[in-house]
>>> print(open('query.cif').read())   # mmCIF, C-alpha atoms
data_structure
loop_
_atom_site.label_atom_id
_atom_site.label_comp_id
_atom_site.auth_asym_id
_atom_site.auth_seq_id
_atom_site.Cartn_x
_atom_site.Cartn_y
_atom_site.Cartn_z
CA MET A 659 16.00 -16.13 -10.37
CA GLU A 660 13.41 -18.82 -9.72
CA GLU A 661 14.89 -19.35 -6.25
CA GLN A 662 14.49 -15.64 -5.43
CA LYS A 663 10.91 -15.72 -6.71
CA THR A 664 10.13 -18.72 -4.51
CA THR A 665 11.68 -17.00 -1.50
CA GLY A 666 9.65 -13.89 -2.15
CA GLN A 667 6.48 -15.97 -2.43
CA GLY A 668 7.31 -17.67 0.86
CA LEU A 669 7.67 -14.34 2.65
CA ALA A 670 4.48 -13.11 1.04
CA ALA A 671 2.71 -16.23 2.33
CA ILE A 672 3.95 -15.54 5.85
CA GLY A 673 2.83 -11.93 5.58
CA GLU A 674 -0.60 -12.96 4.32
CA SER A 675 -0.86 -15.55 7.09
CA LEU A 676 0.03 -12.95 9.69
CA LYS A 677 -2.51 -10.52 8.25
CA LYS A 678 -5.27 -13.14 8.30
CA THR A 679 -4.27 -14.18 11.81
CA CYS A 680 -4.47 -10.59 13.00
CA ILE A 681 -7.87 -10.11 11.35
CA LEU A 682 -9.35 -13.28 12.83
CA TYR A 683 -7.78 -12.78 16.20
CA GLY A 684 -8.56 -9.08 16.20
CA VAL A 685 -12.25 -9.73 15.58
CA LEU A 686 -12.39 -12.31 18.35
CA THR A 687 -10.47 -10.18 20.85
CA MET A 688 -12.61 -7.06 20.46
CA ALA A 689 -14.44 -7.96 23.67
CA GLY A 690 -11.37 -9.21 25.51
CA MET A 691 -10.84 -12.75 24.20
CA THR A 692 -7.19 -13.86 24.44
CA LEU A 693 -5.07 -16.35 22.56
CA ASP A 694 -4.50 -18.30 25.79
CA GLN A 695 -8.26 -18.63 26.26
CA LEU A 696 -8.59 -19.93 22.72
CA ARG A 697 -5.86 -22.52 23.30
CA VAL A 698 -7.63 -23.70 26.46
CA PHE A 699 -10.98 -23.88 24.67
CA LEU A 700 -9.50 -25.85 21.77
CA ALA A 701 -7.89 -28.38 24.12
CA VAL A 702 -11.19 -28.92 25.92
CA ALA A 703 -13.07 -29.19 22.60
CA GLU A 704 -10.65 -31.82 21.33
CA HIS A 705 -10.53 -33.90 24.51
CA LEU A 706 -14.07 -33.16 25.73
CA HIS A 707 -12.51 -33.38 29.14
CA PHE A 708 -11.34 -30.59 31.45
CA SER A 709 -8.70 -32.61 33.30
CA ARG A 710 -7.07 -33.93 30.12
CA ALA A 711 -7.03 -30.46 28.62
CA ALA A 712 -5.32 -29.18 31.79
CA GLU A 713 -2.69 -31.95 31.56
CA GLU A 714 -1.97 -31.15 27.91
CA LEU A 715 -1.52 -27.45 28.66
CA TYR A 716 0.37 -27.95 31.96
CA ILE A 717 -2.12 -25.84 33.89
CA THR A 718 -4.59 -26.62 36.66
CA GLN A 719 -8.14 -27.85 36.07
CA PRO A 720 -9.63 -24.80 37.87
CA ALA A 721 -7.69 -22.58 35.43
CA VAL A 722 -9.26 -24.46 32.51
CA SER A 723 -12.74 -24.15 33.99
CA ALA A 724 -12.20 -20.44 34.65
CA ALA A 725 -11.13 -19.80 31.03
CA ILE A 726 -14.18 -21.56 29.59
CA GLN A 727 -16.52 -19.85 32.06
CA SER A 728 -15.04 -16.46 31.15
CA LEU A 729 -15.65 -17.05 27.44
CA GLU A 730 -19.22 -18.16 28.02
CA GLU A 731 -20.00 -15.18 30.23
CA GLN A 732 -18.37 -12.65 27.86
CA TYR A 733 -20.51 -13.74 24.90
CA GLY A 734 -23.60 -15.02 26.65
CA VAL A 735 -23.39 -18.47 25.06
CA LYS A 736 -22.83 -22.02 26.22
CA LEU A 737 -19.79 -23.68 24.64
CA PHE A 738 -20.26 -27.04 26.36
CA HIS A 739 -23.17 -29.01 27.82
CA ARG A 740 -22.33 -30.48 31.24
CA ILE A 741 -23.99 -33.89 31.34
CA GLY A 742 -23.13 -35.68 34.55
CA ARG A 743 -19.37 -36.29 34.58
CA ARG A 744 -18.97 -35.69 30.87
CA ILE A 745 -19.32 -32.72 28.50
CA GLU A 746 -20.59 -32.22 24.96
CA ILE A 747 -19.76 -29.33 22.65
CA THR A 748 -22.63 -27.03 21.68
CA GLU A 749 -23.36 -25.49 18.27
CA ALA A 750 -21.74 -22.25 19.44
CA GLY A 751 -18.77 -24.29 20.60
CA LYS A 752 -18.47 -26.02 17.23
CA LEU A 753 -18.42 -22.65 15.45
CA LEU A 754 -15.73 -21.34 17.79
CA GLN A 755 -13.75 -24.57 17.40
CA VAL A 756 -13.54 -24.14 13.61
CA GLU A 757 -12.43 -20.53 13.82
CA THR A 758 -10.03 -21.18 16.69
CA ARG A 759 -8.31 -23.95 14.76
CA LYS A 760 -7.74 -21.51 11.88
CA ILE A 761 -6.24 -18.96 14.23
CA ILE A 762 -3.97 -21.44 16.02
CA ASP A 763 -2.77 -22.87 12.69
CA ARG A 764 -2.00 -19.43 11.31
CA VAL A 765 -0.18 -18.40 14.47
CA ALA A 766 1.92 -21.58 14.26
CA LEU A 767 2.74 -20.87 10.60
CA THR A 768 3.71 -17.29 11.38
CA GLU A 769 5.90 -18.38 14.31
CA ARG A 770 7.61 -20.91 12.07
CA GLY A 771 8.26 -18.28 9.42
CA LEU A 772 9.75 -15.91 11.97
CA ARG A 773 12.00 -18.66 13.34
CA GLU A 774 13.19 -19.43 9.81
CA LEU A 775 13.97 -15.77 9.27
CA ASN A 776 16.07 -15.83 12.42
CA ASP A 777 17.83 -19.00 11.28
CA LEU A 778 18.72 -17.42 7.89
CA GLN A 779 16.57 -19.89 6.00
CA ARG A 780 14.58 -17.15 4.33
CA GLY A 781 14.29 -13.38 4.23
CA ASP A 782 15.46 -10.33 2.31
CA LEU A 783 18.71 -8.39 2.18
CA ASN A 784 18.48 -4.89 0.70
CA LEU A 785 21.79 -3.56 -0.60
CA GLY A 786 22.60 -0.17 -2.07
CA CYS A 787 25.77 -0.05 -4.19
CA SER A 788 27.71 2.39 -6.30
CA LEU A 789 27.39 1.49 -9.98
CA THR A 790 30.90 0.16 -10.53
CA ILE A 791 30.98 -1.74 -7.25
CA GLY A 792 27.64 -3.36 -8.00
CA ASN A 793 28.59 -4.35 -11.52
CA TYR A 794 32.17 -5.53 -10.98
CA TRP A 795 33.22 -5.78 -7.33
CA LEU A 796 30.12 -7.19 -5.66
CA PRO A 797 28.84 -10.12 -7.78
CA ASP A 798 31.26 -12.75 -6.43
CA LYS A 799 30.42 -11.68 -2.86
CA ILE A 800 26.70 -12.12 -3.53
CA SER A 801 27.41 -15.49 -5.18
CA ASN A 802 29.28 -16.68 -2.08
CA PHE A 803 26.44 -15.48 0.13
CA LYS A 804 23.78 -17.24 -1.97
CA GLN A 805 25.74 -20.50 -1.87
CA LYS A 806 25.75 -20.36 1.91
CA TYR A 807 22.21 -18.99 2.37
CA PRO A 808 20.19 -20.03 -0.71
CA GLY A 809 16.85 -19.05 0.81
CA ILE A 810 17.75 -15.38 1.25
CA CYS A 811 16.58 -13.00 -1.49
CA VAL A 812 19.21 -10.33 -2.23
CA ASN A 813 17.82 -7.06 -3.60
CA CYS A 814 20.57 -4.79 -4.93
CA THR A 815 19.96 -1.20 -6.03
CA LEU A 816 22.65 0.51 -8.11
CA ALA A 817 22.99 4.28 -7.91
CA ASN A 818 25.66 6.89 -7.39
CA ALA A 819 27.37 7.20 -4.01
CA GLU A 820 25.35 10.24 -2.95
CA GLU A 821 22.04 8.47 -3.56
CA ILE A 822 23.18 5.34 -1.71
CA CYS A 823 24.19 7.42 1.33
CA ALA A 824 20.80 9.13 1.32
CA GLY A 825 19.05 5.75 1.07
CA MET A 826 21.07 4.39 3.99
CA ALA A 827 20.16 7.38 6.12
CA THR A 828 16.42 6.88 5.51
CA GLY A 829 16.49 3.10 6.04
CA ILE A 830 15.88 2.03 2.44
CA PHE A 831 18.98 -0.19 2.48
CA ASP A 832 20.33 -2.62 5.09
CA LEU A 833 23.90 -2.06 3.89
CA GLY A 834 25.55 0.37 1.50
CA LEU A 835 28.75 -0.14 -0.52
CA VAL A 836 30.34 2.93 -2.05
CA THR A 837 33.57 4.67 -2.99
CA GLY A 838 33.97 8.37 -2.43
CA ASP A 839 33.31 10.47 0.63
CA ILE A 840 30.37 10.52 3.00
CA LYS A 841 28.77 13.93 3.43
CA ALA A 842 29.70 15.62 6.68
CA SER A 843 26.00 15.93 7.52
CA LEU A 844 25.66 12.11 7.48
CA LYS A 845 28.80 11.26 9.46
CA ASN A 846 26.86 10.97 12.71
CA THR A 847 24.17 8.85 11.05
CA LEU A 848 26.23 6.39 9.03
CA GLU A 849 29.04 4.16 10.20
CA GLU A 850 31.69 3.33 7.60
CA GLU A 851 34.22 0.52 7.33
CA ILE A 852 36.77 -0.24 4.61
CA VAL A 853 36.12 -3.61 2.94
CA GLY A 854 38.16 -3.27 -0.25
CA SER A 855 39.65 -0.75 -2.64
CA GLU A 856 39.08 0.64 -6.12
CA ARG A 857 41.71 2.00 -8.51
CA LEU A 858 41.02 4.57 -11.23
CA LEU A 859 43.02 4.58 -14.44
CA ILE A 860 43.39 7.46 -16.90
CA VAL A 861 42.54 5.88 -20.26
CA VAL A 862 42.31 6.94 -23.91
CA GLY A 863 41.17 5.29 -27.14
CA LYS A 864 43.21 4.41 -30.24
CA SER A 865 42.58 7.69 -32.05
CA HIS A 866 43.69 9.83 -29.13
CA PRO A 867 47.13 11.54 -29.41
CA TRP A 868 48.21 9.95 -26.11
CA PHE A 869 47.48 6.37 -27.20
CA ASP A 870 51.04 5.63 -28.35
CA ARG A 871 52.57 7.11 -25.23
CA GLN A 872 53.27 5.33 -21.95
CA GLU A 873 53.12 8.47 -19.84
CA ILE A 874 52.29 12.15 -19.91
CA ASN A 875 53.45 15.08 -17.85
CA LEU A 876 51.16 16.51 -15.22
CA THR A 877 51.02 19.79 -17.12
CA GLU A 878 49.45 18.06 -20.15
CA ILE A 879 46.29 17.01 -18.32
CA ALA A 880 44.50 20.25 -19.13
CA GLU A 881 45.47 20.05 -22.82
CA THR A 882 42.93 17.39 -23.88
CA ASP A 883 39.17 16.88 -23.84
CA TRP A 884 37.66 14.92 -20.93
CA VAL A 885 34.62 12.70 -20.50
CA MET A 886 33.37 12.78 -16.91
CA ARG A 887 30.88 11.10 -14.58
CA GLU A 888 28.16 13.23 -13.04
CA PRO A 889 28.68 15.16 -9.78
CA GLY A 890 27.87 12.95 -6.79
CA SER A 891 29.36 9.78 -8.25
CA GLY A 892 32.20 8.09 -6.37
CA VAL A 893 34.36 8.04 -9.52
CA GLN A 894 33.99 11.79 -10.00
CA GLN A 895 34.78 12.47 -6.36
CA MET A 896 37.93 10.33 -6.62
CA LEU A 897 39.16 12.10 -9.75
CA GLU A 898 38.50 15.60 -8.43
CA GLN A 899 40.30 14.86 -5.16
CA ALA A 900 43.27 13.42 -7.06
CA LEU A 901 43.48 16.47 -9.32
CA GLN A 902 43.38 18.80 -6.35
CA SER A 903 46.14 16.84 -4.60
CA TRP A 904 48.23 17.27 -7.79
CA GLY A 905 47.69 21.03 -7.70
CA ILE A 906 45.17 21.08 -10.58
CA ASN A 907 41.80 22.81 -10.39
CA PRO A 908 39.19 20.38 -11.84
CA ASN A 909 37.43 23.35 -13.41
CA GLU A 910 40.48 23.90 -15.63
CA LEU A 911 39.81 20.68 -17.55
CA ASN A 912 37.97 20.88 -20.85
CA VAL A 913 35.00 18.64 -20.09
CA THR A 914 33.10 17.85 -23.29
CA LEU A 915 30.71 15.20 -21.95
CA VAL A 916 29.18 14.39 -18.55
CA LEU A 917 27.56 10.94 -18.35
CA THR A 918 25.75 9.02 -15.60
CA SER A 919 27.39 5.64 -16.23
CA SER A 920 31.03 4.58 -16.31
CA GLU A 921 30.06 2.05 -18.98
CA MET A 922 28.92 4.93 -21.18
CA VAL A 923 32.11 6.84 -20.43
CA LYS A 924 34.17 3.81 -21.42
CA ALA A 925 32.28 3.35 -24.70
CA VAL A 926 32.65 7.01 -25.65
CA VAL A 927 36.39 7.10 -24.90
CA GLU A 928 36.95 3.80 -26.69
CA SER A 929 35.35 5.32 -29.78
CA GLY A 930 37.93 8.10 -29.72
CA THR A 931 36.47 10.98 -27.71
CA GLY A 932 38.73 12.48 -25.06
CA ALA A 933 40.31 10.96 -21.97
CA ALA A 934 38.60 9.64 -18.85
CA ALA A 935 39.21 8.22 -15.40
CA ILE A 936 37.60 4.75 -15.26
CA PRO A 937 37.74 2.02 -12.57
CA GLU A 938 40.40 -0.56 -13.39
CA LEU A 939 37.98 -3.48 -13.06
CA MET A 940 35.91 -2.05 -15.91
CA VAL A 941 38.71 -1.76 -18.45
CA ASN A 942 40.85 -4.88 -17.92
CA LYS A 943 39.44 -6.55 -21.03
CA GLU A 944 39.84 -3.42 -23.20
CA LEU A 945 43.43 -2.96 -22.02
CA GLN A 946 44.24 -6.55 -22.95
CA LEU A 947 42.65 -6.07 -26.38
CA SER A 948 44.47 -2.73 -26.79
CA THR A 949 41.29 -0.84 -27.59
CA LEU A 950 42.13 1.40 -24.62
CA ARG A 951 45.49 2.52 -23.26
CA SER A 952 46.20 3.35 -19.62
CA ILE A 953 48.30 6.49 -19.31
CA LYS A 954 50.73 7.06 -16.45
CA ILE A 955 50.98 10.56 -14.99
CA ILE A 956 54.43 11.89 -14.11
CA ASP A 957 55.77 15.18 -12.77
CA SER A 958 58.97 16.49 -14.30
CA LYS A 959 59.76 18.51 -11.20
CA PRO A 960 62.64 16.73 -9.44
CA SER A 961 61.40 17.65 -5.98
CA SER A 962 57.92 16.15 -6.45
CA ASN A 963 56.97 13.32 -4.08
CA VAL A 964 53.30 13.21 -5.02
CA SER A 965 51.72 9.82 -5.80
CA PHE A 966 49.84 9.80 -9.09
CA GLU A 967 47.88 6.63 -8.42
CA ILE A 968 44.16 7.15 -7.83
CA ILE A 969 43.06 4.60 -5.23
CA LYS A 970 40.03 4.86 -2.99
CA PRO A 971 38.66 2.47 -0.38
CA VAL A 972 35.39 0.62 -0.88
CA LEU A 973 33.29 1.57 2.12
CA LYS A 974 30.62 -0.53 3.80
CA LEU A 975 27.96 1.74 5.28
CA LYS A 976 25.64 0.94 8.18
CA HIS A 977 23.13 3.04 10.04
CA ARG A 978 24.42 3.71 13.53
CA GLN A 979 21.04 3.28 15.26
CA ARG A 980 18.91 0.95 13.17
CA PHE A 981 18.60 -2.72 14.19
CA LYS A 982 21.00 -5.08 12.39
CA THR A 983 19.28 -8.29 11.31
CA GLY A 984 20.96 -11.68 11.36
CA ILE A 985 20.88 -11.61 7.55
CA THR A 986 22.77 -8.32 7.47
CA LYS A 987 25.38 -9.65 9.88
CA ALA A 988 25.79 -12.81 7.80
CA PHE A 989 26.47 -10.77 4.65
CA GLU A 990 28.98 -8.63 6.54
CA GLN A 991 30.78 -11.84 7.45
CA ILE A 992 30.91 -12.82 3.77
CA LEU A 993 32.43 -9.44 2.94
CA THR A 994 35.07 -10.02 5.62
CA GLU A 995 35.88 -13.50 4.29
CA VAL A 996 36.25 -12.60 0.60
CA SER A 997 37.10 -8.90 0.64
CA GLY A 998 40.00 -7.81 -1.50
CA ASN A 999 41.04 -5.17 -3.94
CA GLY A 1000 38.46 -3.94 -6.39
#
>>> encode(input="query.cif", output="structure tokens")
Amino acid sequence: MEEQKTTGQGLAAIGESLKKTCILYGVLTMAGMTLDQLRVFLAVAEHLHFSRAAEELYITQPAVSAAIQSLEEQYGVKLFHRIGRRIEITEAGKLLQVETRKIIDRVALTERGLRELNDLQRGDLNLGCSLTIGNYWLPDKISNFKQKYPGICVNCTLANAEEICAGMATGIFDLGLVTGDIKASLKNTLEEEIVGSERLLIVVGKSHPWFDRQEINLTEIAETDWVMREPGSGVQQMLEQALQSWGINPNELNVTLVLTSSEMVKAVVESGTGAAAIPELMVNKELQLSTLRSIKIIDSKPSSNVSFEIIKPVLKLKHRQRFKTGITKAFEQILTEVSGNG
């Protein structure tokens, strides 16, 4: 946490430096002054010698003289006194020297910060993740990424799949990770790639009539109460698609509760209310402790070849047209290296 705070402060410092640089440079360039002219002036002010300034900057002495003359003519001031073969800086020159040094230093700091961003030494990664993926599937991937790139601040927003897709389309997130389907209207905007998988289990608590059973018939699904996730969540999409593939209309189920968190669904079912479809990663501990029971669905029809497992891919979403930063590409590589079932 402290590391992320430090990284954020570093980026803020670069931003503030850039803002101050732009203000100082903007004021000085209102009448046409350029950064190259300022660099020439500063070299002359430090060496008090035109030829040495030209050597330092790898330009000709006439180019140095022309830059200084242009500055003096633009502002109607003398920056240097020409005394024989030597020069002395004037009061106006001393003022410009102080301000120019500030500008050059801030430009150098900003350039350094930008180079570090490009070298993955610092920066931000904005992720949008489905709730279950963010809580259970993603943490080890982020941990691997932080070990490799400790200076990068990872900002992860958890929401349902529909909200993540909308955020990806508008550029809020660099990458999205969801289960469920992408809206047809966003197919041309978002690019998707499978990076893992998620399995849903039908579970019940100890007081439920199914708890002592290993399996139930497909026809019994509509005979119990159900606790559901809200429309738009990846879990709900997965369950509804599975039911439809089994020949069951989701509207036929007796839904007694609709909740916005799979954790809430799990707690309610564990306390004895209804059945629910919950991601396997979320209930491993409860299954081991026997506070929940996973129920297998079967079909008594001998001709049935339907699979009753509910498995959906974990999708990585990218915007098809937005620029992909080096940080984003690095995190994609981590996902490739450690991806697996979830």
>>> resolve_selection(input="query.cif", expression="the PyMOL selection byres ((chain A and resi 696) around 10)", output="PyMOL selection string")
chain A and resi 683+686+691-695+697-702+725-726+729+754-755+757-759+761-762
>>> closest_residue(input="query.cif", among="A:Lys943, A:Arg951, A:Lys841, A:His739", to="A:Pro867", atoms="only C-alpha atoms")
A:Arg951
>>> residues_around(input="query.cif", residues="stretch 790-805 of chain A", least_positions_apart="2", cutoff="8 Å", atoms="only C-alpha atoms", output="PyMOL selection string")
chain A and resi 787-788+807-810+812+814+816+835-836+920+937+939-940+989+992-993+996+1000
>>> residues_around(input="query.cif", residues="A:Gln895", least_positions_apart="5", cutoff="8 Å", atoms="only C-alpha atoms", output="VMD selection string")
chain A and resid 838 to 839 889 to 890
>>> resolve_selection(input="query.cif", expression="the PyMOL selection byres ((chain A and resi 917) around 6)", output="number ranges by chain")
A: 887-888, 916, 918-919
>>> atom_distance(input="query.cif", atom1="atom CA of A:Gln899", atom2="atom CA of A:Leu911")
13.7 Å
>>> residues_around(input="query.cif", residues="A:Glu878", least_positions_apart="5", cutoff="12 Å", atoms="all atoms listed in the file", output="count of residues only")
15
>>> resolve_selection(input="query.cif", expression="the PyMOL selection byres ((chain A and resi 869) around 12)", output="list in words")
Ile860, Val861, Val862, Gly863, Lys864, Ser865, His866, Pro867, Trp868, Asp870, Arg871, Gln872, Glu873, Ile874, Val927, Glu928, Gly930, Thr931, Gly932, Ala933, Leu945, Ser948, Thr949, Leu950, Arg951, Ser952, Ile953 and Lys954 of chain A
>>> write_last_selection(input="query.cif", atoms="C-alpha atoms", output="tab-separated table (two decimals), keeping the file's coordinate frame")
chain	number	residue	atom	x	y	z
A	860	ILE	CA	43.39	7.46	-16.90
A	861	VAL	CA	42.54	5.88	-20.26
A	862	VAL	CA	42.31	6.94	-23.91
A	863	GLY	CA	41.17	5.29	-27.14
A	864	LYS	CA	43.21	4.41	-30.24
A	865	SER	CA	42.58	7.69	-32.05
A	866	HIS	CA	43.69	9.83	-29.13
A	867	PRO	CA	47.13	11.54	-29.41
A	868	TRP	CA	48.21	9.95	-26.11
A	870	ASP	CA	51.04	5.63	-28.35
A	871	ARG	CA	52.57	7.11	-25.23
A	872	GLN	CA	53.27	5.33	-21.95
A	873	GLU	CA	53.12	8.47	-19.84
A	874	ILE	CA	52.29	12.15	-19.91
A	927	VAL	CA	36.39	7.10	-24.90
A	928	GLU	CA	36.95	3.80	-26.69
A	930	GLY	CA	37.93	8.10	-29.72
A	931	THR	CA	36.47	10.98	-27.71
A	932	GLY	CA	38.73	12.48	-25.06
A	933	ALA	CA	40.31	10.96	-21.97
A	945	LEU	CA	43.43	-2.96	-22.02
A	948	SER	CA	44.47	-2.73	-26.79
A	949	THR	CA	41.29	-0.84	-27.59
A	950	LEU	CA	42.13	1.40	-24.62
A	951	ARG	CA	45.49	2.52	-23.26
A	952	SER	CA	46.20	3.35	-19.62
A	953	ILE	CA	48.30	6.49	-19.31
A	954	LYS	CA	50.73	7.06	-16.45
>>> closest_residue(input="query.cif", among="A:Asn942, A:Thr914, A:Gln727, A:Ser891", to="A:Ile840", atoms="all atoms listed in the file")
A:Ser891
>>> atom_distance(input="query.cif", atom1="atom CA of A:Glu856", atom2="atom CA of A:Val885")
19.3 Å
>>> atom_distance(input="query.cif", atom1="atom CA of A:Phe708", atom2="atom CA of A:Val722")
6.6 Å
>>> closest_residue(input="query.cif", among="A:Leu737, A:Ala711, A:Val972, A:Ala925", to="A:Gly854", atoms="only C-alpha atoms")
A:Val972
>>> build_atoms(input="query.cif", residues="stretch 761-782 of chain A", atoms="N, CA, C and O atoms", output="mmCIF file, in the frame of the given file")
data_model
loop_
_atom_site.group_PDB
_atom_site.id
_atom_site.type_symbol
_atom_site.label_atom_id
_atom_site.label_comp_id
_atom_site.auth_asym_id
_atom_site.auth_seq_id
_atom_site.Cartn_x
_atom_site.Cartn_y
_atom_site.Cartn_z
ATOM 1 N N ILE A 761 -7.136 -19.930 13.592
ATOM 2 C CA ILE A 761 -6.240 -18.960 14.230
ATOM 3 C C ILE A 761 -4.980 -19.627 14.753
ATOM 4 O O ILE A 761 -3.865 -19.162 14.509
ATOM 5 N N ILE A 762 -5.132 -20.742 15.456
ATOM 6 C CA ILE A 762 -3.970 -21.440 16.020
ATOM 7 C C ILE A 762 -3.035 -21.915 14.916
ATOM 8 O O ILE A 762 -1.805 -21.809 15.023
ATOM 9 N N ASP A 763 -3.601 -22.419 13.817
ATOM 10 C CA ASP A 763 -2.770 -22.870 12.690
ATOM 11 C C ASP A 763 -2.000 -21.712 12.074
ATOM 12 O O ASP A 763 -0.820 -21.835 11.726
ATOM 13 N N ARG A 764 -2.663 -20.566 11.929
ATOM 14 C CA ARG A 764 -2.000 -19.430 11.310
ATOM 15 C C ARG A 764 -0.919 -18.854 12.238
ATOM 16 O O ARG A 764 0.133 -18.423 11.779
ATOM 17 N N VAL A 765 -1.200 -18.858 13.514
ATOM 18 C CA VAL A 765 -0.180 -18.400 14.470
ATOM 19 C C VAL A 765 1.036 -19.306 14.405
ATOM 20 O O VAL A 765 2.181 -18.844 14.403
ATOM 21 N N ALA A 766 0.805 -20.627 14.338
ATOM 22 C CA ALA A 766 1.920 -21.580 14.260
ATOM 23 C C ALA A 766 2.736 -21.356 12.991
ATOM 24 O O ALA A 766 3.971 -21.413 13.009
ATOM 25 N N LEU A 767 2.040 -21.110 11.861
ATOM 26 C CA LEU A 767 2.740 -20.870 10.600
ATOM 27 C C LEU A 767 3.560 -19.590 10.667
ATOM 28 O O LEU A 767 4.711 -19.547 10.211
ATOM 29 N N THR A 768 2.990 -18.556 11.259
ATOM 30 C CA THR A 768 3.710 -17.290 11.380
ATOM 31 C C THR A 768 4.930 -17.436 12.282
ATOM 32 O O THR A 768 6.015 -16.936 11.969
ATOM 33 N N GLU A 769 4.767 -18.140 13.403
ATOM 34 C CA GLU A 769 5.900 -18.380 14.310
ATOM 35 C C GLU A 769 7.006 -19.158 13.607
ATOM 36 O O GLU A 769 8.194 -18.853 13.770
ATOM 37 N N ARG A 770 6.615 -20.127 12.807
ATOM 38 C CA ARG A 770 7.610 -20.910 12.070
ATOM 39 C C ARG A 770 8.364 -20.026 11.074
ATOM 40 O O ARG A 770 9.591 -20.092 10.959
ATOM 41 N N GLY A 771 7.619 -19.170 10.372
ATOM 42 C CA GLY A 771 8.260 -18.280 9.420
ATOM 43 C C GLY A 771 9.242 -17.334 10.090
ATOM 44 O O GLY A 771 10.341 -17.100 9.590
ATOM 45 N N LEU A 772 8.857 -16.808 11.250
ATOM 46 C CA LEU A 772 9.750 -15.910 11.970
ATOM 47 C C LEU A 772 10.998 -16.640 12.464
ATOM 48 O O LEU A 772 12.093 -16.094 12.446
ATOM 49 N N ARG A 773 10.823 -17.880 12.910
ATOM 50 C CA ARG A 773 12.000 -18.660 13.340
ATOM 51 C C ARG A 773 12.929 -18.911 12.169
ATOM 52 O O ARG A 773 14.152 -18.856 12.305
ATOM 53 N N GLU A 774 12.360 -19.189 10.988
ATOM 54 C CA GLU A 774 13.190 -19.430 9.810
ATOM 55 C C GLU A 774 13.933 -18.167 9.390
ATOM 56 O O GLU A 774 15.083 -18.227 8.950
ATOM 57 N N LEU A 775 13.281 -17.024 9.547
ATOM 58 C CA LEU A 775 13.970 -15.770 9.270
ATOM 59 C C LEU A 775 15.183 -15.630 10.183
ATOM 60 O O LEU A 775 16.269 -15.250 9.764
ATOM 61 N N ASN A 776 14.988 -15.957 11.445
ATOM 62 C CA ASN A 776 16.070 -15.830 12.420
ATOM 63 C C ASN A 776 17.180 -16.833 12.147
ATOM 64 O O ASN A 776 18.347 -16.584 12.460
ATOM 65 N N ASP A 777 16.842 -17.976 11.570
ATOM 66 C CA ASP A 777 17.830 -19.000 11.280
ATOM 67 C C ASP A 777 18.447 -18.851 9.886
ATOM 68 O O ASP A 777 19.128 -19.749 9.397
ATOM 69 N N LEU A 778 18.174 -17.726 9.214
ATOM 70 C CA LEU A 778 18.720 -17.420 7.890
ATOM 71 C C LEU A 778 18.279 -18.413 6.824
ATOM 72 O O LEU A 778 19.000 -18.657 5.865
ATOM 73 N N GLN A 779 17.097 -18.988 7.013
ATOM 74 C CA GLN A 779 16.570 -19.890 6.000
ATOM 75 C C GLN A 779 15.786 -19.130 4.932
ATOM 76 O O GLN A 779 15.627 -19.616 3.827
ATOM 77 N N ARG A 780 15.312 -17.975 5.286
ATOM 78 C CA ARG A 780 14.580 -17.150 4.330
ATOM 79 C C ARG A 780 14.632 -15.705 4.788
ATOM 80 O O ARG A 780 15.001 -15.411 5.916
ATOM 81 N N GLY A 781 14.268 -14.798 3.892
ATOM 82 C CA GLY A 781 14.290 -13.380 4.230
ATOM 83 C C GLY A 781 14.846 -12.553 3.091
ATOM 84 O O GLY A 781 15.144 -13.068 2.006
ATOM 85 N N ASP A 782 14.991 -11.277 3.321
ATOM 86 C CA ASP A 782 15.460 -10.330 2.310
ATOM 87 C C ASP A 782 16.651 -9.544 2.821
ATOM 88 O O ASP A 782 16.715 -9.183 3.993
#
